[in-house]
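To be precise, the following lines are start_7.txt, and they hold compact mmCIF, C-alpha atoms and all ligand atoms.
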```
# COMPACT_ATOMS: atom_id res chain seq x y z
CA MET A 252 -8.02 8.84 34.97
CA ASN A 253 -8.93 5.16 34.54
CA PRO A 254 -7.75 2.52 37.02
CA PRO A 255 -4.48 0.77 35.96
CA GLY A 256 -5.11 -2.18 33.63
CA GLU A 257 -8.26 -0.63 32.15
CA PRO A 258 -8.15 0.22 28.43
CA PRO A 259 -7.57 3.92 27.72
CA ARG A 260 -10.60 5.92 26.65
CA LEU A 261 -10.95 7.97 23.51
CA LEU A 262 -13.52 10.65 22.73
CA LEU A 263 -13.79 10.58 18.93
CA VAL A 264 -15.39 13.86 17.88
CA GLY A 265 -16.86 13.45 14.42
CA GLY A 266 -17.37 9.72 14.79
CA GLY A 267 -16.41 6.56 12.96
CA GLY A 268 -18.43 7.07 9.78
CA GLY A 269 -16.14 9.34 7.75
CA LEU A 270 -12.94 8.43 5.91
CA VAL A 271 -10.59 9.29 8.80
CA GLY A 272 -13.06 8.15 11.49
CA ARG A 273 -13.32 4.67 9.94
CA ALA A 274 -9.54 4.34 9.83
CA VAL A 275 -9.28 5.60 13.42
CA LEU A 276 -11.70 2.96 14.69
CA ALA A 277 -9.80 0.24 12.79
CA GLU A 278 -6.55 1.42 14.43
CA PHE A 279 -7.74 2.11 17.98
CA LEU A 280 -10.18 -0.77 18.56
CA PRO A 281 -10.17 -3.05 20.48
CA ARG A 282 -7.33 -1.67 22.62
CA TRP A 283 -9.25 1.53 23.40
CA ARG A 284 -12.74 2.20 24.62
CA VAL A 285 -14.25 4.72 22.27
CA ARG A 286 -17.04 7.24 22.86
CA SER A 287 -18.05 8.63 19.47
CA VAL A 288 -19.91 11.90 18.88
CA HIS A 289 -21.53 12.58 15.51
CA ARG A 290 -24.87 13.23 13.84
CA ALA A 291 -25.80 10.25 11.65
CA PRO A 292 -25.91 6.66 12.97
CA VAL A 293 -22.91 4.60 11.82
CA ALA A 294 -23.58 0.95 11.03
CA GLY A 295 -21.42 -1.34 13.10
CA GLU A 296 -20.16 1.20 15.64
CA ALA A 297 -22.23 -0.17 18.52
CA ALA A 298 -21.49 -3.78 17.49
CA ALA A 299 -17.77 -2.92 17.63
CA GLY A 300 -18.21 -1.84 21.24
CA VAL A 301 -18.20 1.90 20.55
CA GLU A 302 -20.40 4.11 22.72
CA PRO A 303 -22.27 6.27 20.19
CA ILE A 304 -23.47 9.73 21.20
CA HIS A 305 -25.72 11.22 18.55
CA GLY A 306 -25.42 14.96 18.33
CA ASP A 307 -24.13 17.94 16.42
CA VAL A 308 -20.76 19.13 17.75
CA GLY A 309 -21.88 22.71 17.13
CA GLU A 310 -24.80 22.24 19.49
CA VAL A 311 -23.14 20.57 22.48
CA ALA A 312 -23.44 23.18 25.20
CA ASP A 313 -21.72 21.22 27.99
CA TRP A 314 -18.90 18.85 27.10
CA GLY A 315 -18.26 17.97 30.76
CA PRO A 316 -20.30 14.73 30.88
CA LEU A 317 -18.86 13.53 27.54
CA LEU A 318 -15.31 14.08 28.79
CA ARG A 319 -15.79 12.07 31.98
CA GLY A 320 -13.19 9.26 32.14
CA ILE A 321 -11.63 10.30 28.83
CA ASP A 322 -7.83 10.03 28.38
CA CYS A 323 -7.55 11.41 24.88
CA VAL A 324 -9.77 13.54 22.65
CA LEU A 325 -9.47 13.20 18.87
CA THR A 326 -11.36 15.54 16.55
CA VAL A 327 -12.14 14.70 12.91
CA ALA A 328 -15.40 16.63 12.46
CA TRP A 329 -15.43 19.11 9.58
CA TYR A 330 -17.31 19.81 6.36
CA ARG A 331 -15.82 19.72 2.91
CA TRP A 332 -18.51 22.11 1.75
CA ALA A 333 -21.09 23.98 3.85
CA ARG A 334 -22.58 27.39 4.49
CA GLU A 335 -20.53 29.90 6.46
CA GLU A 336 -22.83 29.69 9.50
CA GLN A 337 -22.32 25.92 9.64
CA PHE A 338 -18.52 26.35 9.79
CA VAL A 339 -18.91 29.08 12.43
CA ARG A 340 -21.17 26.89 14.57
CA LEU A 341 -19.01 23.77 14.28
CA GLY A 342 -15.84 25.80 14.99
CA ALA A 343 -17.44 27.33 18.09
CA GLY A 344 -18.48 23.85 19.31
CA LEU A 345 -14.91 22.56 18.90
CA ARG A 346 -13.52 25.58 20.77
CA ARG A 347 -15.97 24.94 23.64
CA LEU A 348 -14.70 21.35 23.65
CA ILE A 349 -11.08 22.58 23.93
CA ASP A 350 -11.99 24.81 26.90
CA ALA A 351 -13.86 21.98 28.59
CA ALA A 352 -11.00 19.50 27.98
CA SER A 353 -8.61 22.02 29.49
CA ALA A 354 -10.83 22.49 32.54
CA ALA A 355 -11.24 18.70 32.91
CA GLY A 356 -7.45 18.13 32.68
CA VAL A 357 -7.67 15.71 29.73
CA ARG A 358 -4.25 14.09 29.26
CA ARG A 359 -3.95 14.40 25.45
CA PHE A 360 -5.81 16.24 22.68
CA LEU A 361 -5.35 15.32 19.00
CA HIS A 362 -6.85 17.36 16.21
CA VAL A 363 -6.93 16.63 12.49
CA SER A 364 -6.53 19.83 10.50
CA VAL A 365 -5.48 20.71 6.97
CA PRO A 366 -2.15 21.86 5.48
CA ALA A 367 -1.37 25.43 4.47
CA ALA A 368 -3.48 26.93 1.67
CA PRO A 369 -2.91 30.06 -0.43
CA PRO A 370 -3.18 33.21 1.77
CA GLU A 371 -6.38 34.48 0.12
CA LEU A 372 -8.12 31.20 0.96
CA GLU A 373 -6.70 31.18 4.49
CA ARG A 374 -8.11 34.66 5.03
CA GLY A 375 -11.39 34.54 3.16
CA LEU A 376 -12.74 30.99 3.03
CA PRO A 377 -14.89 30.05 6.06
CA TYR A 378 -13.73 26.43 5.66
CA LEU A 379 -10.17 27.54 6.46
CA ARG A 380 -10.72 30.63 8.58
CA CYS A 381 -12.90 28.73 11.08
CA LYS A 382 -10.53 25.73 11.04
CA ARG A 383 -7.57 27.99 11.89
CA GLU A 384 -9.53 29.48 14.79
CA VAL A 385 -9.85 25.97 16.21
CA ASP A 386 -6.15 25.22 15.54
CA ALA A 387 -5.14 28.46 17.32
CA ALA A 388 -7.46 27.83 20.28
CA LEU A 389 -5.89 24.41 20.79
CA ALA A 390 -2.34 25.75 20.47
CA GLY A 391 -3.13 28.37 23.13
CA SER A 392 -5.02 26.04 25.46
CA GLY A 393 -2.22 24.73 27.65
CA LEU A 394 -3.34 21.16 26.81
CA SER A 395 -0.87 18.50 25.73
CA TYR A 396 -1.86 18.58 22.06
CA ARG A 397 -0.86 17.57 18.57
CA ILE A 398 -2.37 18.95 15.36
CA LEU A 399 -1.91 16.61 12.39
CA ARG A 400 -2.30 18.19 8.96
CA PRO A 401 -2.45 15.50 6.27
CA THR A 402 -2.47 16.23 2.57
CA LEU A 403 -4.99 14.54 0.24
CA LEU A 404 -6.08 11.23 1.82
CA PHE A 405 -7.11 7.99 0.17
CA GLY A 406 -8.92 4.90 1.41
CA ARG A 407 -11.87 2.67 0.61
CA ASN A 408 -15.00 4.75 -0.19
CA ASP A 409 -13.09 8.04 -0.14
CA ARG A 410 -14.65 11.02 -1.86
CA LEU A 411 -11.64 12.36 -3.78
CA LEU A 412 -9.56 9.80 -5.67
CA GLY A 413 -12.40 7.25 -5.60
CA VAL A 414 -14.85 9.72 -7.13
CA MET A 415 -12.26 10.84 -9.70
CA LEU A 416 -11.72 7.20 -10.73
CA ARG A 417 -15.46 6.67 -11.10
CA SER A 418 -15.71 9.73 -13.36
CA MET A 419 -12.81 8.52 -15.52
CA ALA A 420 -14.37 5.07 -15.77
CA ARG A 421 -17.68 6.57 -16.81
CA TYR A 422 -16.65 9.33 -19.22
CA HIS A 423 -13.19 8.11 -20.36
CA LEU A 424 -12.18 11.75 -20.12
CA PHE A 425 -11.11 13.95 -17.24
CA PRO A 426 -10.63 17.70 -16.79
CA MET A 427 -7.01 18.88 -16.51
CA PHE A 428 -6.34 22.30 -15.04
CA ASP A 429 -3.45 23.94 -16.90
CA ALA A 430 -0.69 21.39 -17.54
CA GLY A 431 -1.14 19.49 -14.25
CA GLU A 432 2.45 20.27 -13.18
CA TYR A 433 1.60 21.00 -9.53
CA HIS A 434 2.24 18.25 -6.98
CA VAL A 435 0.32 15.88 -4.73
CA SER A 436 1.60 13.23 -2.31
CA PRO A 437 -1.46 11.15 -1.35
CA LEU A 438 -1.44 9.63 2.14
CA ALA A 439 -3.42 6.54 3.17
CA ALA A 440 -6.09 7.27 5.78
CA ALA A 441 -4.77 4.14 7.54
CA ASP A 442 -1.30 5.76 7.84
CA LEU A 443 -2.85 8.90 9.29
CA ALA A 444 -4.75 6.75 11.82
CA ARG A 445 -1.50 5.01 12.77
CA ALA A 446 0.18 8.40 13.25
CA LEU A 447 -2.74 9.49 15.43
CA HIS A 448 -2.45 6.34 17.52
CA ARG A 449 1.26 6.94 18.12
CA SER A 450 0.50 10.57 18.95
CA ALA A 451 -1.99 9.48 21.61
CA PHE A 452 0.91 8.02 23.60
CA ASP A 453 3.83 10.32 22.87
CA SER A 454 4.22 13.78 24.32
CA LEU A 455 5.25 15.65 21.15
CA HIS A 456 3.70 19.11 20.96
CA GLY A 457 2.64 21.36 18.13
CA THR A 458 1.71 20.84 14.51
CA VAL A 459 2.94 18.30 11.99
CA ASP A 460 2.26 18.10 8.24
CA LEU A 461 1.92 14.63 6.73
CA GLY A 462 2.48 13.60 3.12
CA GLY A 463 2.48 10.14 1.58
CA PRO A 464 5.55 8.24 0.34
CA VAL A 465 5.63 9.55 -3.24
CA ARG A 466 5.32 13.08 -4.63
CA TYR A 467 3.65 13.00 -8.05
CA THR A 468 2.71 15.76 -10.40
CA TYR A 469 -1.08 15.84 -10.58
CA ARG A 470 -0.84 14.75 -14.21
CA GLU A 471 1.32 11.73 -13.27
CA LEU A 472 -1.30 10.70 -10.72
CA THR A 473 -4.24 11.04 -13.10
CA ASP A 474 -2.26 9.13 -15.78
CA ARG A 475 -1.82 6.33 -13.23
CA MET A 476 -5.53 6.38 -12.53
CA PHE A 477 -6.38 5.93 -16.22
CA ALA A 478 -3.78 3.15 -16.39
CA ALA A 479 -5.42 1.38 -13.43
CA LEU A 480 -8.66 1.44 -15.43
CA GLY A 481 -6.84 0.02 -18.47
CA ARG A 482 -7.50 3.15 -20.52
CA PRO A 483 -5.26 5.68 -22.28
CA PRO A 484 -5.31 9.06 -20.50
CA ARG A 485 -7.63 11.58 -22.18
CA TYR A 486 -7.98 15.10 -20.84
CA LEU A 487 -10.20 18.07 -21.34
CA ARG A 488 -7.59 20.80 -20.91
CA MET A 489 -8.74 24.07 -19.38
CA SER A 490 -7.31 27.09 -17.59
CA ARG A 491 -7.71 27.36 -13.79
CA ARG A 492 -10.19 30.18 -14.32
CA THR A 493 -12.40 28.13 -16.59
CA ALA A 494 -12.05 25.19 -14.21
CA ARG A 495 -13.21 27.30 -11.26
CA ARG A 496 -16.23 28.49 -13.23
CA LEU A 497 -17.06 24.96 -14.32
CA ALA A 498 -16.69 23.67 -10.74
CA GLY A 499 -19.02 26.44 -9.54
CA THR A 500 -21.65 25.38 -12.08
CA LEU A 501 -21.28 21.70 -11.17
CA VAL A 502 -21.66 22.50 -7.46
CA ALA A 503 -24.81 24.51 -8.23
CA LEU A 504 -26.13 21.38 -9.99
CA GLY A 505 -25.44 19.26 -6.92
CA SER A 506 -22.10 17.68 -7.89
CA THR A 507 -19.52 16.89 -5.18
CA LEU A 508 -16.71 16.01 -7.61
CA ILE A 509 -14.60 19.11 -6.93
CA TYR A 510 -15.18 22.53 -5.38
CA PRO A 511 -13.77 25.81 -6.71
CA TYR A 512 -11.51 26.35 -3.66
CA GLU A 513 -10.04 22.85 -4.15
CA ILE A 514 -8.91 23.83 -7.63
CA ASP A 515 -7.14 26.92 -6.23
CA TRP A 516 -5.54 24.87 -3.47
CA LEU A 517 -4.47 22.04 -5.77
CA THR A 518 -2.99 24.31 -8.43
CA SER A 519 -1.18 26.45 -5.81
CA ASP A 520 1.33 23.57 -5.52
CA LEU A 521 1.10 23.43 -1.73
CA LEU A 522 -0.21 19.87 -1.45
CA GLY A 523 2.88 17.84 -2.39
CA LEU A 524 3.95 17.49 1.26
CA ALA A 525 7.07 15.57 2.23
CA PRO A 526 6.56 11.98 3.43
CA TYR A 527 5.53 11.73 7.08
CA PRO A 528 8.78 10.73 8.82
CA GLY A 529 7.28 9.38 12.07
CA SER A 530 5.90 6.08 10.77
CA ASP A 531 7.24 2.78 12.11
CA ARG A 532 6.45 1.00 8.82
CA PRO A 533 6.68 2.03 5.13
CA LEU A 534 3.86 4.39 4.16
CA GLU A 535 1.31 2.90 1.75
CA ARG A 536 1.71 3.86 -1.89
CA VAL A 537 -1.41 4.89 -3.75
CA GLU A 538 -1.08 2.44 -6.68
CA PRO A 539 -2.40 -0.72 -4.95
CA TYR A 540 -5.42 1.27 -3.77
CA LEU A 541 -6.03 2.56 -7.34
CA GLU A 542 -5.74 -0.96 -8.77
CA ALA A 543 -8.18 -2.34 -6.18
CA GLU A 544 -10.72 0.46 -6.68
CA ALA A 545 -10.44 0.25 -10.47
CA GLY A 546 -10.90 -3.56 -10.29
CA ARG A 547 -14.07 -3.08 -8.24
CA LEU A 548 -15.42 -0.53 -10.74
CA LEU A 549 -14.65 -2.71 -13.76
CA ARG A 550 -16.25 -5.79 -12.17
CA ARG A 551 -19.41 -3.80 -11.49
CA ARG A 552 -19.77 -2.75 -15.15
CA PRO A 553 -22.58 -4.25 -17.28
CA GLU A 554 -21.37 -6.75 -19.87
CA GLY A 555 -20.28 -5.35 -23.23
CA GLN A 556 -19.38 -1.95 -21.71
CA VAL A 557 -15.67 -1.14 -21.53
N1 LIG B 1 -10.22 13.62 3.28
C1 LIG B 1 -9.10 14.29 3.09
O1 LIG B 1 -8.44 14.18 2.02
C2 LIG B 1 -8.57 15.19 4.17
C3 LIG B 1 -7.31 15.80 3.97
C4 LIG B 1 -6.80 16.63 4.96
C5 LIG B 1 -7.49 16.82 6.14
N2 LIG B 1 -8.71 16.24 6.30
C6 LIG B 1 -9.42 16.50 7.56
O2 LIG B 1 -9.66 15.26 8.21
C7 LIG B 1 -10.86 15.35 8.98
C8 LIG B 1 -11.79 14.20 8.61
O3 LIG B 1 -12.00 14.25 7.22
P1 LIG B 1 -12.77 13.09 6.45
O4 LIG B 1 -12.25 13.08 5.07
O5 LIG B 1 -12.79 11.84 7.25
O6 LIG B 1 -14.22 13.75 6.40
P2 LIG B 1 -15.63 13.02 6.32
O7 LIG B 1 -15.49 11.68 5.68
O8 LIG B 1 -16.57 14.01 5.76
O9 LIG B 1 -15.97 12.80 7.87
C9 LIG B 1 -16.22 13.87 8.71
C10 LIG B 1 -17.02 13.36 9.88
O10 LIG B 1 -17.34 14.48 10.70
C11 LIG B 1 -18.65 14.32 11.18
N3 LIG B 1 -19.25 15.64 11.34
C12 LIG B 1 -19.29 16.63 10.45
N4 LIG B 1 -19.94 17.68 10.94
C13 LIG B 1 -20.32 17.33 12.19
C14 LIG B 1 -21.04 18.00 13.20
N5 LIG B 1 -21.50 19.23 13.04
N6 LIG B 1 -21.25 17.36 14.36
C15 LIG B 1 -20.80 16.09 14.53
N7 LIG B 1 -20.10 15.42 13.62
C16 LIG B 1 -19.87 16.04 12.45
C17 LIG B 1 -19.40 13.51 10.12
O11 LIG B 1 -20.29 12.63 10.78
P3 LIG B 1 -21.88 12.88 10.79
O12 LIG B 1 -22.26 13.25 9.40
O13 LIG B 1 -22.44 11.59 11.30
O14 LIG B 1 -22.09 13.99 11.77
C18 LIG B 1 -18.31 12.71 9.43
O15 LIG B 1 -18.30 11.38 9.82
C19 LIG B 1 -11.46 16.73 8.68
O16 LIG B 1 -11.08 17.60 9.71
C20 LIG B 1 -10.80 17.12 7.38
O17 LIG B 1 -10.71 18.52 7.25
C21 LIG B 1 -9.26 15.42 5.35
```

Please render this file's structure as structure tokens.
Ligand SMILES: NC(=O)c1ccc[n+]([C@@H]2O[C@H](COP(=O)([O-])OP(=O)(O)OC[C@H]3O[C@@H](n4cnc5c(N)ncnc54)[C@H](OP(=O)(O)O)[C@@H]3O)[C@@H](O)[C@H]2O)c1
Amino acid sequence: MNPPGEPPRLLLVGGGGGLVGRAVLAEFLPRWRVRSVHRAPVAGEAAAGVEPIHGDVGEVADWGPLLRGIDCVLTVAWYRWAREEQFVRLGAGLRRLIDAASAAGVRRFLHVSVPAAPPELERGLPYLRCKREVDAALAGSGLSYRILRPTLLFGRNDRLLGVMLRSMARYHLFPMFDAGEYHVSPLAAADLARALHRSAFDSLHGTVDLGGPVRYTYRELTDRMFAALGRPPRYLRMSRRTARRLAGTLVALGSTLIYPYEIDWLTSDLLGLAPYPGSDRPLERVEPYLEAEAGRLLRRRPEGQV
């Protein structure tokens, strides 16, 4: 444990380069000292006073030295899409971290996971199966822990709503799976980071699901996105089955717009989570973010193109 008066120390596993990691650094710095483990260098981390440790979480054999002096561990490392062996390796690395944190007597362990998915995905998809192995290892570790399971997140340079907006701006048309009647309740990455910061100090145990302030149907959300771009909504309607096939083809061509499992998850109507009740300020609505992103896209457009 650090001497009294010293800032608390965070081990950020997955680093400050991703959507959640960036929001975590913005929330925790400068009150915390942060040691940050990830693979690719992140511009600005060192300048912000972060201690970067370059490495693959799946390949760290001994977490002991990285845990020295650490008060709280926070894990954000995961892949949206990867081969099964990559999920297995990363999951094993995170479970070794949990064992080492337990042995080192780390005061608090926070882990960002994902909300419930349809049972066939939970059982069969390495993305989820390996994630649940990590969740279960933490729950059984004896550590003081909190697992936060946000729904769809948004924030500057995100790879979901931001990429969807860019596609709408470019093609003026967007795929709609069935009638779009399933729900989403987008949460700001900044609100998740704030919840994580509170969780670093409280002693609440277990798992919490976090939704944003408003529950939309998917179609209402995409209509709002077209409106932010100043365009009437236009959809290419398709069944879920066709959508899955199309997503599979796009992935094979190198697209990261949407993956087949995300279509199953989205249309299962499990992602419209209730608003996170633990916030000490109103949760951010998605509309100002959409307006700002759309404004950026429209300003970037060559003259004459609408
Ligand atoms: N985005 C969402 O809508 C959403 C919703 C619910 C839950 N989540 C969860 O939130 C967490 C963070 O998601 P995100 O959207 O911020 O993802 P992200 O932008 O892809 O960031 C993930 C970070 O993990 C690091 N990472 C990945 N594999 C690694 C490895 N093997 N070793 C070390 N670092 C590794 C990456 O850094 P390097 O590439 O530098 O290694 C990256 O910065 C994930 O657990 C995700 O499942 C996200």

Between CA of Pro377 in chain A and CA of Ala312 in chain A, what distance in Å does the model show, to one decimal?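 Separation between CA of Pro377 in chain A and CA of Ala312 in chain A: 22.1 Å.
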
Using only C-alpha atoms, pick whichever of A:Asp453, A:Phe405, A:Val365, A:Met427 has the shortest atom-to-atom distance to Leu521 in chain A. A:Val365

Hey, could you make a per-residue contact list for range 408-505 of chain A against range 324-344 of chain A with 12 Å as the cut-off, showing the nearest pair of atoms and its distance in Å to one decimal, counting all atoms listed in the file, sorted by chain and number, as a Markdown table?
```
| residue | atom | partner | partner_atom | distance |
| --- | --- | --- | --- | --- |
| A:Arg410 | CA | A:Arg331 | CA | 10.0 |
| A:Leu411 | CA | A:Arg331 | CA | 10.8 |
| A:Ala440 | CA | A:Val327 | CA | 11.9 |
| A:Leu443 | CA | A:Val327 | CA | 11.5 |
| A:Ala444 | CA | A:Leu325 | CA | 10.7 |
| A:Leu447 | CA | A:Leu325 | CA | 8.4 |
| A:His448 | CA | A:Leu325 | CA | 9.9 |
| A:Ser450 | CA | A:Leu325 | CA | 10.3 |
| A:Ala451 | CA | A:Leu325 | CA | 8.8 |
| A:Val502 | CA | A:Trp332 | CA | 9.7 |
| A:Gly505 | CA | A:Trp332 | CA | 11.5 |
```

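Note that the spacing between CA of Val264 in chain A and atom O5 of ligand LIG 1 (chain B) amounts to 11.1 Å.
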
Between A:Arg347, A:Arg532, A:Arg485, A:Arg400, which has the minimum distance to ligand LIG 1 (chain B) (counting all atoms listed in the file)? A:Arg400
